[in-house]
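Enquirer: Provided herewith: data31.cif, mmCIF, C-alpha atoms.
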```
data_upload
#
loop_
_atom_site.label_atom_id
_atom_site.label_comp_id
_atom_site.auth_asym_id
_atom_site.auth_seq_id
_atom_site.Cartn_x
_atom_site.Cartn_y
_atom_site.Cartn_z
CA MET T 20 6.83 -18.13 -2.57
CA ALA T 21 5.15 -15.00 -3.97
CA LYS T 22 6.44 -11.65 -2.78
CA LYS T 23 4.05 -9.98 -0.35
CA ILE T 24 2.80 -6.40 -0.72
CA LEU T 25 0.63 -4.56 1.81
CA VAL T 26 -1.55 -1.75 0.37
CA VAL T 27 -2.38 0.93 2.95
CA ASP T 28 -5.08 3.33 1.74
CA ASP T 29 -8.34 4.60 3.25
CA ASP T 30 -10.09 4.55 -0.14
CA PRO T 31 -11.50 0.99 -0.48
CA ALA T 32 -12.10 1.30 -4.24
CA PHE T 33 -8.54 2.50 -4.93
CA ALA T 34 -7.07 -0.14 -2.61
CA ASP T 35 -9.09 -2.84 -4.41
CA MET T 36 -7.83 -1.62 -7.79
CA LEU T 37 -4.21 -1.59 -6.61
CA LYS T 38 -4.65 -5.08 -5.15
CA THR T 39 -6.14 -6.35 -8.42
CA ALA T 40 -3.34 -4.75 -10.48
CA LEU T 41 -0.52 -6.12 -8.30
CA ALA T 42 -2.11 -9.56 -7.90
CA ALA T 43 -2.61 -9.73 -11.68
CA ARG T 44 1.11 -9.08 -12.01
CA GLY T 45 1.89 -12.03 -9.74
CA TYR T 46 2.34 -10.55 -6.25
CA GLU T 47 0.53 -11.63 -3.09
CA VAL T 48 -1.39 -8.60 -1.88
CA ALA T 49 -3.13 -7.67 1.39
CA VAL T 50 -5.02 -4.44 2.12
CA CYS T 51 -5.21 -2.23 5.21
CA LEU T 52 -7.92 0.46 5.05
CA GLN T 53 -7.22 2.11 8.40
CA ALA T 54 -4.26 4.34 9.09
CA ALA T 55 -4.66 3.72 12.82
CA THR T 56 -3.90 -0.01 12.48
CA ALA T 57 -1.49 0.20 9.54
CA PHE T 58 1.78 0.18 11.48
CA ARG T 59 0.68 -2.79 13.59
CA GLN T 60 -0.28 -4.70 10.44
CA ILE T 61 3.03 -3.85 8.75
CA LYS T 62 4.93 -5.02 11.82
CA GLU T 63 2.94 -8.23 12.17
CA SER T 64 2.74 -9.26 8.51
CA HIS T 65 6.18 -7.95 7.57
CA PRO T 66 5.50 -7.53 3.85
CA ASP T 67 8.28 -7.32 1.24
CA LEU T 68 6.91 -3.87 0.35
CA THR T 69 4.14 -1.54 1.50
CA THR T 70 2.28 1.09 -0.50
CA LEU T 71 1.21 4.02 1.65
CA ASP T 72 -1.32 6.77 0.99
CA ILE T 73 -0.02 9.98 2.51
CA MET T 74 -3.33 11.77 3.11
CA MET T 75 -5.48 9.64 5.37
CA PRO T 76 -7.85 10.76 8.13
CA GLY T 77 -6.67 10.36 11.69
CA ARG T 78 -3.05 9.60 10.96
CA SER T 79 -0.89 10.97 8.16
CA GLY T 80 1.08 8.52 6.05
CA TRP T 81 4.17 10.42 7.17
CA GLU T 82 3.51 9.38 10.76
CA ILE T 83 3.46 5.76 9.62
CA VAL T 84 6.73 6.31 7.71
CA ASN T 85 8.21 7.73 10.89
CA GLN T 86 7.02 4.75 12.94
CA MET T 87 8.47 2.35 10.37
CA ARG T 88 11.77 4.19 10.31
CA SER T 89 12.03 4.15 14.10
CA ASN T 90 11.48 0.42 14.42
CA ALA T 91 14.26 -2.04 13.58
CA GLU T 92 11.75 -4.65 12.36
CA THR T 93 10.16 -2.33 9.80
CA ALA T 94 12.88 0.20 8.92
CA LYS T 95 14.10 -1.84 5.96
CA ILE T 96 10.70 -2.48 4.37
CA PRO T 97 10.58 -0.55 1.08
CA ILE T 98 7.71 1.89 0.61
CA ILE T 99 5.79 3.23 -2.35
CA ILE T 100 4.33 6.55 -1.27
CA SER T 101 1.13 7.27 -3.17
CA THR T 102 -0.59 10.63 -3.22
CA GLY T 103 -3.07 12.66 -5.24
CA VAL T 104 -1.30 15.91 -4.45
CA HIS T 105 1.54 16.55 -6.87
CA THR T 106 3.59 18.66 -4.50
CA THR T 107 5.82 17.95 -1.54
CA HIS T 108 3.89 17.80 1.71
CA MET T 109 6.63 18.28 4.24
CA ALA T 110 9.70 20.44 4.27
CA ASP T 111 11.65 17.74 6.08
CA GLU T 112 10.33 14.92 3.93
CA GLY T 113 13.84 14.07 2.69
CA LEU T 114 15.06 13.82 6.26
CA LEU T 115 12.16 11.58 7.21
CA LEU T 116 12.86 9.22 4.33
CA GLN T 117 16.64 9.27 4.76
CA GLY T 118 18.05 5.76 4.71
CA MET T 119 14.75 4.22 3.58
CA ARG T 120 14.15 2.60 0.21
CA TYR T 121 11.17 4.27 -1.41
CA GLU T 122 9.50 5.45 -4.60
CA LYS T 123 6.75 8.01 -5.09
CA LEU T 124 3.64 7.43 -7.13
CA TYR T 125 1.31 10.26 -8.12
CA LYS T 126 -2.34 9.43 -8.75
CA PRO T 127 -3.45 8.71 -11.41
CA PHE T 128 -0.56 6.64 -12.72
CA GLU T 129 0.42 4.23 -15.48
CA LEU T 130 0.35 0.63 -14.27
CA ASP T 131 3.66 0.03 -16.04
CA ASP T 132 5.14 2.82 -13.93
CA LEU T 133 3.79 1.11 -10.79
CA TYR T 134 5.24 -2.25 -11.88
CA ARG T 135 8.63 -0.69 -12.66
CA LYS T 136 8.77 1.01 -9.25
CA VAL T 137 7.81 -2.18 -7.43
CA GLU T 138 10.46 -4.10 -9.35
CA ARG T 139 13.13 -1.51 -8.57
CA LEU T 140 12.39 -2.00 -4.87
CA ILE T 141 11.77 -5.73 -4.54
CA GLY T 142 12.30 -7.25 -7.97
CA GLY T 143 9.70 -8.93 -10.16
CA PRO T 144 7.16 -11.51 -9.08
CA GLU T 145 7.92 -15.21 -9.33
CA ASN T 146 5.72 -15.55 -12.39
CA VAL T 147 5.15 -12.36 -14.35
CA LYS T 148 1.59 -12.21 -15.67
CA PHE T 149 1.68 -8.74 -17.30
CA GLU T 150 4.84 -7.58 -19.05
CA ALA T 151 5.64 -3.90 -18.43
CA GLY T 152 4.82 -2.06 -21.64
CA GLY T 153 3.07 -5.10 -22.97
CA VAL T 154 -0.31 -3.56 -23.54
CA MET I 48 -40.18 7.54 17.29
CA GLY I 49 -39.36 10.80 18.98
CA GLU I 50 -37.16 13.30 17.20
CA PRO I 51 -33.66 13.04 18.63
CA SER I 52 -32.24 16.09 20.31
CA ARG I 53 -29.88 18.16 18.21
CA GLU I 54 -26.33 18.09 19.40
CA THR I 55 -24.82 20.19 16.65
CA ILE I 56 -26.16 22.54 14.08
CA GLY I 57 -23.51 24.16 11.88
CA GLY I 58 -23.50 27.85 11.11
CA ALA I 59 -22.99 29.76 7.91
CA ALA I 60 -20.12 28.90 5.62
CA ASP I 61 -16.77 29.97 6.96
CA PHE I 62 -15.13 29.36 3.59
CA GLU I 63 -16.76 32.31 1.93
CA ALA I 64 -14.87 34.45 -0.56
CA ARG I 65 -14.32 37.83 1.05
CA PRO I 66 -13.37 41.04 -0.74
CA ALA I 67 -9.62 41.59 -0.55
CA GLU I 68 -10.01 45.10 0.87
CA ARG I 69 -11.64 43.71 4.00
CA LEU I 70 -8.64 41.53 4.66
CA GLU I 71 -5.58 43.00 6.23
CA GLY I 72 -1.97 41.89 6.02
CA GLY I 73 -1.62 38.41 7.43
CA SER I 74 -5.29 37.61 7.05
CA LEU I 75 -5.02 38.02 3.26
CA ALA I 76 -2.09 35.60 3.22
CA ALA I 77 -4.07 33.29 5.50
CA ALA I 78 -7.05 33.41 3.14
CA HIS I 79 -4.81 32.52 0.18
CA LYS I 80 -3.24 29.70 2.16
CA SER I 81 -6.66 28.44 3.15
CA CYS I 82 -7.77 28.55 -0.49
CA ASP I 83 -4.60 26.68 -1.55
CA ASP I 84 -5.20 24.08 1.15
CA VAL I 85 -8.77 23.55 -0.03
CA ILE I 86 -7.71 23.22 -3.67
CA SER I 87 -4.95 20.74 -2.73
CA LEU I 88 -7.47 18.74 -0.75
CA LEU I 89 -9.99 18.70 -3.59
CA ALA I 90 -7.28 17.67 -6.08
CA HIS I 91 -6.31 14.79 -3.80
CA GLU I 92 -9.91 13.69 -3.31
CA LEU I 93 -10.78 13.82 -7.03
CA ARG I 94 -7.62 11.97 -8.03
CA GLY I 95 -8.60 9.01 -5.83
CA PRO I 96 -11.55 7.88 -7.98
CA LEU I 97 -9.76 9.08 -11.11
CA ALA I 98 -6.79 6.81 -10.32
CA THR I 99 -9.12 3.88 -9.61
CA LEU I 100 -11.00 4.41 -12.87
CA ASN I 101 -7.78 4.85 -14.83
CA GLY I 102 -6.18 1.76 -13.25
CA TYR I 103 -9.12 -0.50 -14.06
CA ALA I 104 -9.30 0.87 -17.62
CA GLN I 105 -5.61 -0.04 -18.11
CA LEU I 106 -6.19 -3.52 -16.66
CA LEU I 107 -9.06 -4.06 -19.10
CA VAL I 108 -6.88 -2.96 -22.02
CA LYS I 109 -4.17 -5.41 -20.96
CA LYS I 110 -6.71 -8.23 -21.36
CA GLY I 111 -5.13 -10.36 -18.65
CA LEU I 112 -8.01 -10.44 -16.19
CA SER I 113 -10.30 -13.38 -15.60
CA PRO I 114 -13.95 -12.87 -16.71
CA GLN I 115 -14.86 -12.39 -13.03
CA LEU I 116 -12.24 -9.68 -12.53
CA GLN I 117 -13.21 -8.04 -15.84
CA GLU I 118 -16.75 -7.73 -14.57
CA LYS I 119 -15.48 -6.31 -11.28
CA ALA I 120 -13.34 -3.80 -13.18
CA VAL I 121 -16.23 -2.61 -15.36
CA GLN I 122 -18.50 -2.35 -12.30
CA SER I 123 -15.89 -0.30 -10.48
CA VAL I 124 -15.43 2.03 -13.48
CA LEU I 125 -19.18 2.73 -13.42
CA GLU I 126 -19.17 3.24 -9.64
CA GLN I 127 -16.21 5.60 -9.74
CA THR I 128 -17.78 7.77 -12.45
CA LYS I 129 -20.89 8.06 -10.26
CA ARG I 130 -18.71 8.84 -7.26
CA MET I 131 -16.88 11.59 -9.15
CA ASN I 132 -20.17 13.01 -10.40
CA SER I 133 -21.49 13.11 -6.85
CA MET I 134 -18.29 14.86 -5.70
CA VAL I 135 -18.67 17.48 -8.43
CA ASP I 136 -22.37 17.96 -7.53
CA ASN I 137 -21.43 18.48 -3.90
CA LEU I 138 -18.68 20.96 -4.72
CA LEU I 139 -21.05 22.92 -6.91
CA GLN I 140 -23.73 23.04 -4.22
CA ALA I 141 -21.14 23.84 -1.51
CA SER I 142 -19.93 26.77 -3.60
CA ARG I 143 -23.52 28.01 -4.16
CA LEU I 144 -24.30 27.66 -0.45
CA ALA I 145 -21.18 29.55 0.55
CA ALA I 146 -22.18 32.36 -1.82
CA GLY I 147 -25.81 32.27 -0.64
CA ARG I 148 -26.99 31.27 -4.12
CA LEU I 149 -28.50 27.81 -3.71
CA ARG I 150 -31.22 27.28 -6.34
CA VAL I 151 -34.22 25.36 -5.03
CA SER I 152 -36.95 24.24 -7.41
CA LEU I 153 -39.93 22.82 -5.52
CA GLU I 154 -42.11 20.10 -7.00
CA ALA I 155 -44.61 17.52 -5.77
CA VAL I 156 -42.69 14.55 -4.41
CA GLU I 157 -43.68 11.33 -2.67
CA PHE I 158 -41.07 11.23 0.07
CA VAL I 159 -41.20 7.50 0.89
CA SER I 160 -40.43 6.67 -2.76
CA LEU I 161 -37.64 9.24 -2.83
CA VAL I 162 -35.99 7.69 0.24
CA ARG I 163 -36.50 4.15 -1.05
CA GLN I 164 -34.97 5.00 -4.44
CA MET I 165 -31.98 6.75 -2.86
CA VAL I 166 -31.30 3.78 -0.56
CA GLU I 167 -31.46 1.35 -3.50
CA GLN I 168 -28.94 3.49 -5.41
CA GLN I 169 -26.59 3.71 -2.46
CA GLN I 170 -26.86 -0.02 -1.75
CA ALA I 171 -25.78 -0.73 -5.34
CA LEU I 172 -22.70 1.45 -4.77
CA ALA I 173 -21.85 -0.13 -1.41
CA PRO I 174 -21.95 -3.93 -1.80
CA HIS I 175 -19.86 -4.40 1.37
CA HIS I 176 -22.47 -2.78 3.63
CA ARG I 177 -26.06 -3.71 4.37
CA LEU I 178 -28.50 -0.81 4.20
CA ASN I 179 -31.56 -1.78 6.22
CA LEU I 180 -34.48 0.49 5.32
CA ASP I 181 -37.48 0.71 7.64
CA VAL I 182 -40.33 2.78 6.15
CA PRO I 183 -44.02 2.91 7.11
CA ASP I 184 -46.61 1.62 4.68
CA GLN I 185 -48.05 5.01 3.78
CA PHE I 186 -47.62 7.89 1.33
CA MET I 187 -45.83 11.04 2.40
CA PRO I 188 -46.52 13.76 -0.16
CA ALA I 189 -44.18 16.74 0.07
CA ARG I 190 -43.09 19.75 -1.97
CA LEU I 191 -39.34 19.51 -2.31
CA ASP I 192 -36.53 19.89 -4.79
CA ALA I 193 -36.22 16.16 -5.47
CA ALA I 194 -32.67 16.30 -6.88
CA LEU I 195 -31.36 18.37 -3.96
CA ALA I 196 -33.25 16.36 -1.34
CA GLY I 197 -31.85 13.18 -2.91
CA LEU I 198 -28.34 14.63 -2.74
CA ALA I 199 -28.76 15.55 0.94
CA LEU I 200 -30.04 12.07 1.81
CA ALA I 201 -27.31 10.42 -0.25
CA ASN I 202 -24.63 12.47 1.52
CA VAL I 203 -25.88 11.38 4.94
CA VAL I 204 -26.02 7.71 3.90
CA GLN I 205 -22.62 7.86 2.16
CA ASN I 206 -21.12 9.30 5.32
CA ALA I 207 -22.55 6.41 7.33
CA ILE I 208 -21.14 3.92 4.81
CA LYS I 209 -17.75 5.60 4.82
CA PHE I 210 -17.32 5.42 8.57
CA SER I 211 -18.83 1.95 9.15
CA PRO I 212 -16.78 -1.23 9.00
CA ARG I 213 -17.24 -3.41 5.94
CA GLU I 214 -20.06 -5.95 6.24
CA SER I 215 -21.76 -3.89 8.95
CA GLU I 216 -25.40 -2.82 8.90
CA ILE I 217 -26.65 0.75 8.51
CA LEU I 218 -30.21 1.38 9.68
CA ILE I 219 -32.35 3.95 7.90
CA PHE I 220 -35.68 4.75 9.56
CA LEU I 221 -38.37 6.94 8.06
CA ARG I 222 -41.16 8.12 10.34
CA ARG I 223 -43.95 10.69 10.23
CA THR I 224 -44.30 13.11 13.12
CA ASP I 225 -47.19 15.58 12.79
CA HIS I 226 -46.56 17.35 9.51
CA ARG I 227 -42.97 16.30 9.06
CA ALA I 228 -41.11 13.28 7.76
CA VAL I 229 -38.02 12.33 9.76
CA VAL I 230 -35.25 10.14 8.35
CA SER I 231 -32.67 8.77 10.78
CA VAL I 232 -29.49 7.10 9.59
CA VAL I 233 -27.77 4.99 12.25
CA ASP I 234 -24.28 3.67 11.61
CA ALA I 235 -21.97 1.26 13.39
CA GLY I 236 -18.91 3.44 12.98
CA PRO I 237 -16.44 4.56 15.64
CA GLY I 238 -18.47 7.62 16.62
CA ILE I 239 -17.28 11.22 16.71
CA SER I 240 -15.45 13.06 19.47
CA SER I 241 -17.28 15.99 21.06
CA GLU I 242 -14.64 18.36 19.60
CA ASP I 243 -15.13 17.10 16.01
CA LEU I 244 -18.90 16.97 16.52
CA ARG I 245 -18.97 20.74 17.04
CA HIS I 246 -17.59 21.28 13.52
CA VAL I 247 -19.23 18.45 11.64
CA PHE I 248 -21.55 20.68 9.56
CA GLU I 249 -18.86 23.21 8.68
CA PRO I 250 -17.39 23.11 5.16
CA TYR I 251 -13.95 21.72 4.32
CA ARG I 252 -13.40 20.23 7.77
CA THR I 253 -11.39 17.17 6.89
CA GLU I 254 -10.38 15.77 10.25
CA ARG I 255 -12.44 12.71 9.39
CA GLY I 256 -11.26 12.48 5.77
CA GLY I 257 -12.94 13.26 2.46
CA MET I 258 -13.62 16.73 1.06
CA GLY I 259 -15.51 17.81 4.16
CA VAL I 260 -18.54 19.10 2.25
CA GLY I 261 -21.11 16.28 2.50
CA LEU I 262 -22.85 17.24 5.74
CA PHE I 263 -22.38 20.97 5.06
CA VAL I 264 -24.27 20.55 1.77
CA ALA I 265 -26.91 18.30 3.35
CA LYS I 266 -27.59 20.89 6.06
CA GLY I 267 -27.80 23.76 3.56
CA ILE I 268 -30.18 21.85 1.29
CA VAL I 269 -32.43 20.65 4.12
CA GLU I 270 -32.67 24.08 5.77
CA ALA I 271 -33.36 25.78 2.42
CA GLN I 272 -36.49 23.60 2.23
CA ASN I 273 -37.67 24.42 5.76
CA GLY I 274 -36.24 21.21 7.12
CA GLU I 275 -33.88 20.47 9.98
CA ILE I 276 -30.85 18.27 10.43
CA GLY I 277 -29.02 17.04 13.50
CA ILE I 278 -26.48 14.53 14.72
CA ASN I 279 -26.01 12.43 17.83
CA SER I 280 -22.73 10.69 18.42
CA GLN I 281 -20.03 9.85 20.87
CA LEU I 282 -16.86 7.88 20.52
CA GLY I 283 -17.40 4.13 20.55
CA THR I 284 -21.18 4.20 20.07
CA GLY I 285 -21.71 4.92 16.37
CA THR I 286 -23.48 7.94 14.94
CA THR I 287 -27.08 8.88 14.14
CA VAL I 288 -27.78 11.66 11.66
CA TRP I 289 -31.42 12.67 11.28
CA LEU I 290 -33.11 15.07 8.97
CA SER I 291 -36.71 16.22 8.80
CA VAL I 292 -38.68 17.86 5.99
CA PRO I 293 -42.17 19.35 5.99
CA LEU I 294 -44.92 17.29 4.36
CA ALA I 295 -47.69 18.65 2.17
CA ASN I 296 -51.04 19.24 3.95
CA SER I 297 -52.86 16.69 1.82
CA GLY I 298 -51.01 13.84 3.53
#
```
Could I get this structure in the form of structure tokens?
Expert:
Amino acid sequence: MAKKILVVDDDPAFADMLKTALAARGYEVAVCLQAATAFRQIKESHPDLTTLDIMMPGRSGWEIVNQMRSNAETAKIPIIISTGVHTTHMADEGLLLQGMRYEKLYKPFELDDLYRKVERLIGGPENVKFEAGGV
Amino acid sequence: MGEPSRETIGGAADFEARPAERLEGGSLAAAHKSCDDVISLLAHELRGPLATLNGYAQLLVKKGLSPQLQEKAVQSVLEQTKRMNSMVDNLLQASRLAAGRLRVSLEAVEFVSLVRQMVEQQQALAPHHRLNLDVPDQFMPARLDAALAGLALANVVQNAIKFSPRESEILIFLRRTDHRAVVSVVDAGPGISSEDLRHVFEPYRTERGGMGVGLFVAKGIVEAQNGEIGINSQLGTGTTVWLSVPLANSG
């Protein structure tokens, strides 16, 4: 069975691109465009990994990280934190992510870098379609 | 159709560069922090479409996409370049407005055609929403800056698209009232709280996401051409933004 990834991002075009890139690699991908419903969707669908945009209206990605960390069902789901701001957002970010498996991804990024980070967290897909570095 | 009552009209720009000597102690630090915050926000917002464009370009180079996905990728690259161009246009106009230096170049315009053309362009960029345009069968000659008026209209419609669920309908009405044309854009979004509504025309207010300049720029452009803009909304009922512009006497 294909490994499941949930993309959480309020930018539909970016979320579509990420979905296309990960699906082309061989993962099963779902998208959540609303920060307000993201935690519920993570809890219900229990993906193997979630990508999370940090700057979203209404609810910061950090709040969702905190919710995930505080819930036994979601605390072990690895996260790829994606952001367009190349600086640390929170002084206690390290504390918030303590004990969680995560990678950071700064927009824009190399797809091979995305694939490597996903593989570090959950391993490769069942059937690799794009080889990392195989452009 | 009667002109809706105005719930909120924003004031002058509150992100205006002020001479350092007028700022004292903490307020200078606060101004720098505010400037840093705005630049961080803009960097984040511009990197969104840039990352999308860059990602699709890499996927196309990898040559592993089906013909259908290749077409989708190329389409998205074109859309994202337009989106980035619109963001840059808005930033430029926001900066000019904040400095009181908006340049308006009036020309003879047929307003119904202008609205129709803008809606067609926005529909092409938003395939997951239905833009339903309702215009009267008549000419509405006006003297406007067509590029700026188009940007103001596009900002209002893009806002409606942004806050409406996918596959929902956005209604755009154009009506003539005396010597003015009134465009109303009605969305099916979640509506705006009364607190956020008070600040909706102020620049760089990002409570609702984005760069926070779209409605600020639309208001500045419309008012610079003797027009008016207003908004009606409450949580759970969607939002209507209307704008009116004067028509030429010959109409």
Enquirer: Which of these, I:Ser152, I:Gln281, I:Gly257, I:Leu244, has the shortest distance to I:Arg94 once you count only C-alpha atoms?
Expert: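 Closest candidate: I:Gly257.
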Enquirer: Define the interface residues of chain I facing chain T as those within 9 Å, counting all atoms listed in the file, and report them as an MDAnalysis selection string.
Expert: chainID I and resid 87:88 90:103 105:106 108:112 116 120 123 127 253:257
Enquirer: Evaluate the PyMOL selection byres ((chain I and resi 227-241) around 8) here and jot the selected residues down as number ranges by chain.
Expert: I: 50, 158, 187, 203-204, 207-208, 210-212, 215-226, 242-245, 280-294
Enquirer: Just give me the gap between atom CA of T:Gln86 and atom CA of T:Phe58 in Å, one decimal is fine.
Expert: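 Those two atoms sit 7.1 Å apart.
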Enquirer: Counting all atoms listed in the file, which of T:Leu140, T:Ala42, T:Ile83, T:Leu114 gets nearest to T:Leu71?
Expert: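 So, comparing all the options, the nearest one is T:Ile83.
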Enquirer: By how many Å are atom CA of I:Ala199 and atom CA of I:Gln185 apart?
Expert: 22.2 Å
Enquirer: When you draw a straight line from atom CA of I:Val269 to atom CA of I:Val85, how long is it in Å?
Expert: 24.2 Å
Enquirer: Kindly list the centre and edge lengths in Å, rounded to one decimal, for the axis-aligned box that covers all listed atoms of stretch 183-191 of chain I plus 4 Å on each of its six sides, as AutoDock Vina command-line options.
Expert:
```
--center_x -43.7 --center_y 10.7 --center_z 2.4 --size_x 16.7 --size_y 26.1 --size_z 17.4
```
Enquirer: Where does the PyMOL selection byres ((chain T and resi 23-27) around 6) land in this file, that is, which residues does it pick, as an MDAnalysis selection string?
Expert: chainID T and resid 22 28 47:52 66:71
Enquirer: Could you list, with a cut-off of 12 Å and counting all atoms listed in the file, the residues of stretch 98-127 of chain I near stretch 170-183 of chain I, each shown with its nearest atom pair and the distance in Å rounded to one decimal, rows sorted by chain and ascending number, as a Markdown table?
Expert:
```
| residue | atom | partner | partner_atom | distance |
| --- | --- | --- | --- | --- |
| I:Lys119 | CA | I:Pro174 | CA | 11.7 |
| I:Gln122 | CA | I:Leu172 | CA | 9.4 |
| I:Ser123 | CA | I:Leu172 | CA | 9.1 |
| I:Val124 | CA | I:Leu172 | CA | 11.4 |
| I:Leu125 | CA | I:Leu172 | CA | 9.4 |
| I:Glu126 | CA | I:Leu172 | CA | 6.3 |
| I:Gln127 | CA | I:Leu172 | CA | 9.2 |
```
Enquirer: Since the input is missing atoms for stretch 53-67 of chain T, could you rebuild it with N, CA and C atoms and give the result as a compact mmCIF listing (two decimals), in the frame of the given file?
Expert:
```txt
# COMPACT_ATOMS: atom_id res chain seq x y z
N GLN T 53 -7.22 1.17 7.27
CA GLN T 53 -7.22 2.11 8.40
C GLN T 53 -5.81 2.52 8.80
N ALA T 54 -5.58 3.83 8.74
CA ALA T 54 -4.26 4.34 9.09
C ALA T 54 -3.90 3.97 10.53
N ALA T 55 -4.92 3.95 11.39
CA ALA T 55 -4.66 3.72 12.82
C ALA T 55 -4.06 2.34 13.08
N THR T 56 -4.40 1.36 12.24
CA THR T 56 -3.90 -0.01 12.48
C THR T 56 -2.79 -0.39 11.50
N ALA T 57 -2.43 0.53 10.62
CA ALA T 57 -1.49 0.20 9.54
C ALA T 57 -0.12 -0.25 10.07
N PHE T 58 0.43 0.51 11.02
CA PHE T 58 1.78 0.18 11.48
C PHE T 58 1.80 -1.20 12.13
N ARG T 59 0.75 -1.48 12.93
CA ARG T 59 0.68 -2.79 13.59
C ARG T 59 0.65 -3.91 12.54
N GLN T 60 -0.16 -3.67 11.49
CA GLN T 60 -0.28 -4.70 10.44
C GLN T 60 1.04 -4.88 9.68
N ILE T 61 1.74 -3.76 9.44
CA ILE T 61 3.03 -3.85 8.75
C ILE T 61 4.01 -4.66 9.60
N LYS T 62 4.00 -4.35 10.91
CA LYS T 62 4.93 -5.02 11.82
C LYS T 62 4.62 -6.51 11.93
N GLU T 63 3.33 -6.83 12.00
CA GLU T 63 2.94 -8.23 12.17
C GLU T 63 3.11 -9.05 10.90
N SER T 64 2.72 -8.46 9.75
CA SER T 64 2.74 -9.26 8.51
C SER T 64 4.08 -9.17 7.80
N HIS T 65 4.86 -8.17 8.16
CA HIS T 65 6.18 -7.95 7.57
C HIS T 65 6.20 -8.20 6.06
N PRO T 66 5.53 -7.33 5.30
CA PRO T 66 5.50 -7.53 3.85
C PRO T 66 6.86 -7.22 3.22
N ASP T 67 7.05 -7.67 1.97
CA ASP T 67 8.28 -7.32 1.24
C ASP T 67 8.27 -5.84 0.86
```
